[in-house]
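Coordinates as given in target_6.cif (mmCIF, C-alpha atoms):
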data_final
loop_
_atom_site.label_atom_id
_atom_site.label_comp_id
_atom_site.auth_asym_id
_atom_site.auth_seq_id
_atom_site.Cartn_x
_atom_site.Cartn_y
_atom_site.Cartn_z
CA MET R 1 134.74 62.88 -87.65
CA THR R 2 132.81 61.72 -90.71
CA GLU R 3 133.90 58.22 -90.20
CA PHE R 4 132.69 58.19 -86.60
CA ARG R 5 129.24 59.46 -87.59
CA GLU R 6 128.92 56.77 -90.13
CA SER R 7 129.78 54.20 -87.55
CA LEU R 8 127.03 55.50 -85.38
CA ASP R 9 124.53 55.27 -88.20
CA ALA R 10 125.44 51.66 -88.81
CA PRO R 11 123.47 48.99 -87.05
CA ASN R 12 124.87 47.85 -83.72
CA ASP R 13 124.83 44.17 -84.53
CA GLN R 14 126.62 44.43 -87.89
CA PRO R 15 129.85 46.32 -88.02
CA ASN R 16 130.62 48.23 -91.20
CA PRO R 17 133.74 46.83 -92.81
CA ASN R 18 134.37 50.08 -94.68
CA THR R 19 134.46 52.10 -91.52
CA SER R 20 137.64 52.53 -89.60
CA ILE R 21 137.61 52.69 -85.83
CA ASP R 22 139.06 55.69 -84.09
CA GLU R 23 141.06 54.68 -81.10
CA ASN R 24 140.31 57.99 -79.34
CA ALA R 25 136.58 57.60 -79.70
CA ILE R 26 134.49 57.08 -76.53
CA VAL R 27 132.54 53.89 -76.51
CA PRO R 28 129.41 54.00 -74.39
CA ALA R 29 129.26 51.48 -71.56
CA VAL R 30 126.83 48.65 -71.90
CA PRO R 31 124.85 47.96 -68.70
CA ARG R 32 125.29 44.59 -67.12
CA PRO R 33 122.31 42.40 -66.58
CA LEU R 34 121.24 42.20 -62.94
CA THR R 35 122.04 38.94 -61.29
CA PRO R 36 119.17 37.63 -59.21
CA VAL R 37 120.00 37.32 -55.52
CA THR R 38 118.93 34.15 -53.88
CA ARG R 39 118.87 33.56 -50.15
CA SER R 40 120.34 30.49 -48.76
CA ALA R 41 118.30 28.16 -46.71
CA THR R 42 120.33 28.89 -43.64
CA SER R 43 119.56 32.62 -43.78
CA VAL R 44 115.86 31.99 -44.18
CA ILE R 45 115.79 29.65 -41.24
CA ALA R 46 118.00 31.84 -38.99
CA ALA R 47 115.57 34.78 -38.96
CA PRO R 48 112.72 32.98 -37.22
CA ARG R 49 115.13 31.51 -34.69
CA ALA R 50 116.49 34.99 -33.79
CA SER R 51 113.02 36.43 -33.34
CA ALA R 52 112.08 33.52 -31.12
CA ALA R 53 115.16 34.11 -28.95
CA VAL R 54 114.24 37.76 -28.56
CA ALA R 55 110.72 36.85 -27.56
CA ARG R 56 111.96 34.36 -24.96
CA SER R 57 114.39 36.93 -23.49
CA ALA R 58 111.58 39.47 -23.29
CA GLN R 59 109.42 36.95 -21.42
CA THR R 60 112.15 35.88 -18.97
CA ALA R 61 113.49 39.43 -18.28
CA PRO R 62 112.71 40.54 -14.70
CA PRO R 63 110.21 43.36 -14.33
CA ARG R 64 111.68 46.83 -13.76
CA ARG R 65 111.46 47.94 -10.15
CA PHE R 66 110.45 51.37 -8.84
CA LYS R 67 113.47 53.71 -8.72
CA MET R 68 114.14 54.97 -5.19
CA PRO R 69 114.46 58.74 -4.85
CA THR R 70 117.96 60.07 -4.23
CA LYS R 71 119.05 62.52 -1.55
CA ARG R 72 119.44 65.22 -4.17
CA ASN R 73 115.84 64.78 -5.33
CA VAL R 74 114.52 64.84 -1.76
CA ALA R 75 116.54 67.96 -0.90
CA GLY R 76 115.34 69.66 -4.05
CA GLY R 77 111.73 68.90 -3.17
CA VAL R 78 112.14 70.25 0.34
CA VAL R 79 113.75 73.47 -0.91
CA MET R 80 111.02 73.94 -3.49
CA ALA R 81 108.28 73.43 -0.87
CA PHE R 82 109.99 75.90 1.47
CA ALA R 83 110.29 78.50 -1.27
CA VAL R 84 106.62 78.16 -2.18
CA GLY R 85 105.60 78.50 1.48
CA LEU R 86 107.81 81.55 1.94
CA ILE R 87 106.36 83.29 -1.09
CA ALA R 88 102.84 82.52 0.12
CA THR R 89 103.60 83.87 3.61
CA MET R 90 105.02 87.08 2.20
CA ALA R 91 102.02 87.52 -0.04
CA LEU R 92 99.45 87.18 2.77
CA PRO R 93 100.04 90.63 4.41
CA ALA R 94 99.82 92.38 1.05
CA TYR R 95 96.67 90.46 0.24
CA ALA R 96 95.10 91.38 3.57
CA PHE R 97 96.22 94.99 3.32
CA GLY R 98 94.62 95.34 -0.08
CA ASN R 99 91.41 93.60 1.06
CA GLY R 100 92.03 90.87 -1.46
CA ASN R 101 91.93 93.22 -4.42
CA ALA R 102 94.30 92.66 -7.28
CA GLY R 103 94.89 96.38 -7.68
CA PHE R 104 96.97 96.99 -4.52
CA ASP R 105 97.66 100.66 -3.91
CA ALA R 106 101.12 101.26 -2.42
CA LYS R 107 100.01 104.73 -1.30
CA ASN R 108 97.92 103.12 1.45
CA SER R 109 101.01 101.81 3.23
CA THR R 110 102.71 105.22 3.00
CA ASP R 111 99.71 106.98 4.46
CA LEU R 112 99.39 104.57 7.36
CA ALA R 113 103.12 104.56 8.14
CA GLY R 114 103.43 108.32 8.21
CA GLY R 115 100.23 109.03 10.12
CA ALA R 116 100.27 109.78 13.88
CA GLN R 117 97.89 107.92 16.16
CA THR R 118 96.45 109.57 19.23
CA LEU R 119 94.34 108.25 22.09
CA THR R 120 92.43 110.44 24.50
CA VAL R 121 91.37 109.03 27.89
CA ASP R 122 88.93 110.80 30.10
CA ASP R 123 90.22 111.83 33.54
CA THR R 124 87.35 110.08 35.25
CA ALA R 125 88.21 106.84 33.51
CA ALA R 126 91.89 107.15 34.47
CA ALA R 127 91.02 107.63 38.14
CA LEU R 128 89.01 104.42 38.42
CA ALA R 129 90.32 101.94 40.96
CA VAL R 130 91.55 98.65 39.55
CA SER R 131 91.22 95.50 41.62
CA ARG R 132 91.43 91.79 41.05
CA ASP R 133 91.46 88.88 43.46
CA ALA R 134 91.38 91.24 46.48
CA TYR R 135 94.42 93.17 45.15
CA THR R 136 94.16 96.81 44.14
CA ALA R 137 96.40 98.80 41.83
CA PRO R 138 98.19 101.83 43.36
CA THR R 139 96.91 105.26 42.52
CA SER R 140 98.97 107.92 40.82
CA GLU R 141 99.44 109.68 44.18
CA GLN R 142 100.82 106.51 45.77
CA LEU R 143 103.21 105.96 42.88
CA GLN R 144 104.48 109.53 43.15
CA ALA R 145 104.96 109.16 46.90
CA ALA R 146 107.00 106.01 46.35
CA ARG R 147 109.19 107.80 43.83
CA ASP R 148 109.73 110.69 46.25
CA ALA R 149 110.69 108.29 49.04
CA ALA R 150 113.22 106.53 46.78
CA ALA R 151 114.76 109.85 45.77
CA ALA R 152 115.01 110.90 49.44
CA ALA R 153 116.75 107.62 50.33
CA VAL R 154 119.28 108.14 47.53
CA ALA R 155 119.92 111.72 48.71
CA ALA R 156 120.44 110.54 52.30
CA THR R 157 122.93 107.89 51.17
CA GLU R 158 124.89 110.43 49.14
CA ALA R 159 124.90 112.85 52.09
CA SER R 160 126.24 110.18 54.48
CA THR R 161 128.96 109.25 52.02
CA ALA R 162 129.95 112.90 51.63
CA SER R 163 130.09 113.38 55.41
CA ALA R 164 132.24 110.28 55.82
CA SER R 165 134.69 111.52 53.22
CA THR R 166 135.01 114.87 55.01
CA THR R 167 135.47 113.33 58.47
CA PRO R 168 138.67 114.59 60.08
CA THR R 169 141.52 112.08 60.10
CA ALA R 170 143.96 111.27 62.87
CA GLY R 171 146.33 113.84 61.50
CA THR R 172 144.17 116.57 63.08
CA PHE R 173 145.05 115.53 66.62
CA ALA R 174 148.15 114.49 68.55
CA VAL R 175 148.52 110.80 69.29
CA ASN R 176 149.27 110.18 72.94
CA PRO R 177 152.04 107.65 73.60
CA PRO R 178 151.53 104.75 76.00
CA SER R 179 151.31 105.96 79.60
CA GLY R 180 153.05 102.97 81.11
CA ALA R 181 154.67 99.59 80.54
CA TYR R 182 153.07 96.94 78.44
CA SER R 183 149.91 95.42 79.93
CA GLY R 184 146.55 94.41 78.66
CA GLN R 185 144.78 97.37 80.19
CA ALA R 186 147.45 99.74 78.87
CA VAL R 187 146.78 98.41 75.37
CA VAL R 188 143.04 99.05 75.78
CA ASP R 189 143.61 102.56 77.13
CA TYR R 190 145.95 103.43 74.27
CA ALA R 191 143.52 102.12 71.63
CA GLU R 192 140.63 104.06 73.15
CA GLN R 193 141.94 107.41 71.87
CA PHE R 194 141.27 106.39 68.24
CA VAL R 195 137.57 105.58 68.78
CA GLY R 196 135.33 107.87 66.72
CA VAL R 197 138.34 109.73 65.28
CA VAL R 198 140.31 107.55 62.85
CA PRO R 199 138.31 106.22 59.89
CA TYR R 200 138.44 102.75 58.40
CA SER R 201 140.82 102.24 55.49
CA ALA R 202 143.39 99.76 54.28
CA GLY R 203 146.15 101.54 56.19
CA ALA R 204 147.93 100.90 59.49
CA THR R 205 148.56 104.44 60.79
CA PRO R 206 146.33 107.16 62.25
CA GLU R 207 147.19 109.44 59.32
CA ALA R 208 146.23 106.86 56.67
CA GLY R 209 143.38 105.23 58.60
CA PHE R 210 143.08 101.79 60.10
CA GLY R 211 141.99 98.44 58.76
CA CYS R 212 141.02 95.95 61.46
CA ASP R 213 144.44 94.30 61.39
CA GLY R 214 146.11 97.69 60.86
CA LEU R 215 144.69 98.97 64.17
CA THR R 216 145.95 95.99 66.19
CA GLN R 217 149.35 96.11 64.47
CA TYR R 218 149.79 99.81 65.24
CA VAL R 219 148.60 99.63 68.88
CA PHE R 220 150.73 96.64 69.83
CA GLY R 221 153.67 98.10 67.93
CA GLN R 222 153.69 101.12 70.27
CA PHE R 223 154.50 98.69 73.10
CA GLY R 224 157.29 96.97 71.16
CA VAL R 225 155.21 93.97 70.08
CA TYR R 226 155.34 93.22 66.36
CA LEU R 227 152.22 91.78 64.70
CA PRO R 228 152.08 91.02 60.95
CA ARG R 229 149.18 92.05 58.78
CA ILE R 230 146.32 89.64 57.90
CA VAL R 231 143.95 88.27 60.54
CA GLY R 232 145.17 84.68 60.42
CA ASN R 233 148.82 85.69 60.76
CA GLN R 234 148.13 87.83 63.85
CA ALA R 235 146.08 85.06 65.49
CA ALA R 236 149.02 82.67 65.03
CA MET R 237 151.32 84.98 67.05
CA GLY R 238 149.71 84.15 70.40
CA ILE R 239 148.00 81.37 72.32
CA ARG R 240 144.30 80.68 72.37
CA VAL R 241 142.48 81.18 75.70
CA SER R 242 138.98 80.28 76.84
CA PRO R 243 136.30 82.99 77.16
CA GLU R 244 136.35 82.56 80.96
CA ASP R 245 140.07 83.39 81.07
CA ALA R 246 139.99 86.27 78.60
CA GLN R 247 141.54 89.53 79.87
CA PRO R 248 141.75 93.14 78.67
CA GLY R 249 144.22 93.49 75.81
CA ASP R 250 143.61 90.00 74.39
CA LEU R 251 142.85 89.75 70.67
CA VAL R 252 139.28 88.91 69.63
CA VAL R 253 139.34 86.90 66.39
CA TRP R 254 136.49 86.29 64.00
CA PRO R 255 138.06 83.50 61.94
CA MET R 256 139.55 84.58 58.62
CA TYR R 257 137.93 87.99 58.31
CA HIS R 258 138.02 90.30 61.41
CA ILE R 259 140.06 91.07 64.53
CA GLY R 260 139.94 93.55 67.43
CA ILE R 261 141.16 94.28 70.99
CA TYR R 262 139.13 92.87 73.90
CA ASP R 263 138.22 95.41 76.62
CA GLY R 264 137.78 92.76 79.33
CA ALA R 265 134.07 93.54 79.84
CA GLY R 266 132.30 91.97 76.87
CA GLY R 267 133.30 94.63 74.35
CA VAL R 268 135.87 95.14 71.60
CA ILE R 269 137.76 98.07 70.06
CA ASP R 270 137.99 97.57 66.29
CA SER R 271 137.94 99.31 62.90
CA PRO R 272 134.76 97.86 61.32
CA ASP R 273 134.19 98.89 57.70
CA TRP R 274 134.37 101.56 55.00
CA GLY R 275 132.64 104.83 55.90
CA ARG R 276 132.91 104.15 59.66
CA MET R 277 135.33 105.15 62.43
CA VAL R 278 137.16 103.02 64.96
CA GLU R 279 134.45 101.80 67.36
CA HIS R 280 134.15 100.47 70.89
CA ARG R 281 131.17 98.11 70.78
CA ALA R 282 129.76 94.85 72.18
CA LEU R 283 130.94 91.45 70.96
CA TRP R 284 128.80 89.55 68.43
CA GLY R 285 128.77 86.35 66.43
CA SER R 286 131.27 83.51 66.63
CA TYR R 287 134.77 84.43 67.84
CA TYR R 288 137.66 83.28 70.06
CA PHE R 289 140.38 84.91 72.16
CA VAL R 290 144.14 84.98 71.60
CA ARG R 291 146.69 86.29 74.12
CA ILE R 292 149.98 87.79 72.97
CA VAL R 293 152.80 86.64 75.28
#
Reformat the file's structure so that it appears as structure tokens.
Amino acid sequence: MTEFRESLDAPNDQPNPNTSIDENAIVPAVPRPLTPVTRSATSVIAAPRASAAVARSAQTAPPRRFKMPTKRNVAGGVVMAFAVGLIATMALPAYAFGNGNAGFDAKNSTDLAGGAQTLTVDDTAAALAVSRDAYTAPTSEQLQAARDAAAAAVAATEASTASASTTPTAGTFAVNPPSGAYSGQAVVDYAEQFVGVVPYSAGATPEAGFGCDGLTQYVFGQFGVYLPRIVGNQAAMGIRVSPEDAQPGDLVVWPMYHIGIYDGAGGVIDSPDWGRMVEHRALWGSYYFVRIV
């Protein structure tokens, strides 16, 4: 260690010959002199050229156009406008209810909602006649009379329906058989006993009631003549005759919906409709005659 200190005390430019050098000693590094950096001519010239190229590209670049709005932006704007309008619409009743005051009292709405409103009209004012353009409003007495008349009509309809349902059926009397051989007048005489006694129904016997085609089927069947049900089928069983040649016992046909037995004198025996009995009445409407042979 002594020898190393002495070497440090010696001048740097003149080594001490009497001093030995320790190989393990650390020798401080000597800084290198900085080498000046010089630019080449090409690098100096290239910089202005690059800046000039950038300037020219900036001058020749096309101007930026306005960016068109997308569907998403438009939809967002519409939704935002709708939301603002909705909020404003909902705020208007509250603003009006509170007379425009910022301090809205919710108790006002509760009081108004729970309160009962009454209106008293003087009797003299209610009795005034109302008229416009030569038309007058009905009085309370007239309205009550109309209601009473409607109720009476409903009661009469119900009474007629009840009486029809309690009308005695053919089962309450004995059916007389044909008095002679088959003839048109014998058919009329036999059918006459059901008039005013057997009610209309969908049946084909006196006990069950008669439909229009059920009556003709039953009456002709008692003379051994078979007729099918349905108006059109029965009409097809005979031949058509003119009104001048029509005779008692011929069928009177209203096409596709009704049939009866001609009495020979401008009348017909038929079963007309629900709630009614077999009737003997005058001919009506458009019809034709069919003779069973």
Within 6 Å of (142.9, 86.6, 77.0), in the coordinates the file gives, what residues turn up when you count all atoms listed in the file, written out as a ChimeraX atom specification? /R:241,245-247,250,289-291
Convert the current residue selection to file output with C-alpha atoms, as a short mmCIF file (atom, residue, chain, number, x, y, z; two decimals), keeping the file's coordinate frame.
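The result, written out as result.cif:
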data_model
loop_
_atom_site.label_atom_id
_atom_site.label_comp_id
_atom_site.auth_asym_id
_atom_site.auth_seq_id
_atom_site.Cartn_x
_atom_site.Cartn_y
_atom_site.Cartn_z
CA VAL R 241 142.48 81.18 75.70
CA ASP R 245 140.07 83.39 81.07
CA ALA R 246 139.99 86.27 78.60
CA GLN R 247 141.54 89.53 79.87
CA ASP R 250 143.61 90.00 74.39
CA PHE R 289 140.38 84.91 72.16
CA VAL R 290 144.14 84.98 71.60
CA ARG R 291 146.69 86.29 74.12
#
Quote the spacing between CA of Arg276 in chain R and CA of Asp263 in chain R in Å to one decimal place. 19.8 Å
Separation of CA of Trp274 in chain R from CA of Pro178 in chain R, in Å and rounded to one decimal: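 Interatomic distance, CA of Trp274 in chain R to CA of Pro178 in chain R: 27.3 Å.
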Between CA of Gln222 in chain R and CA of Tyr190 in chain R - distance in Å to one decimal: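 Rounded to one decimal, the two atoms are 9.0 Å apart.
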Could you spell out the hits of the PyMOL selection byres ((chain R and resi 177) around 12) on the shown file, as an mmCIF file with C-alpha atoms, keeping the file's coordinate frame?
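File expr_2.cif, as written:
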data_model
loop_
_atom_site.group_PDB
_atom_site.id
_atom_site.type_symbol
_atom_site.label_atom_id
_atom_site.label_comp_id
_atom_site.auth_asym_id
_atom_site.auth_seq_id
_atom_site.Cartn_x
_atom_site.Cartn_y
_atom_site.Cartn_z
ATOM 1 C CA ALA R 174 148.150 114.490 68.550
ATOM 2 C CA VAL R 175 148.520 110.800 69.290
ATOM 3 C CA ASN R 176 149.270 110.180 72.940
ATOM 4 C CA PRO R 178 151.530 104.750 76.000
ATOM 5 C CA SER R 179 151.310 105.960 79.600
ATOM 6 C CA GLY R 180 153.050 102.970 81.110
ATOM 7 C CA ALA R 181 154.670 99.590 80.540
ATOM 8 C CA TYR R 182 153.070 96.940 78.440
ATOM 9 C CA ALA R 186 147.450 99.740 78.870
ATOM 10 C CA VAL R 187 146.780 98.410 75.370
ATOM 11 C CA ASP R 189 143.610 102.560 77.130
ATOM 12 C CA TYR R 190 145.950 103.430 74.270
ATOM 13 C CA ALA R 191 143.520 102.120 71.630
ATOM 14 C CA GLU R 192 140.630 104.060 73.150
ATOM 15 C CA GLN R 193 141.940 107.410 71.870
ATOM 16 C CA TYR R 218 149.790 99.810 65.240
ATOM 17 C CA VAL R 219 148.600 99.630 68.880
ATOM 18 C CA PHE R 220 150.730 96.640 69.830
ATOM 19 C CA GLY R 221 153.670 98.100 67.930
ATOM 20 C CA GLN R 222 153.690 101.120 70.270
ATOM 21 C CA PHE R 223 154.500 98.690 73.100
#
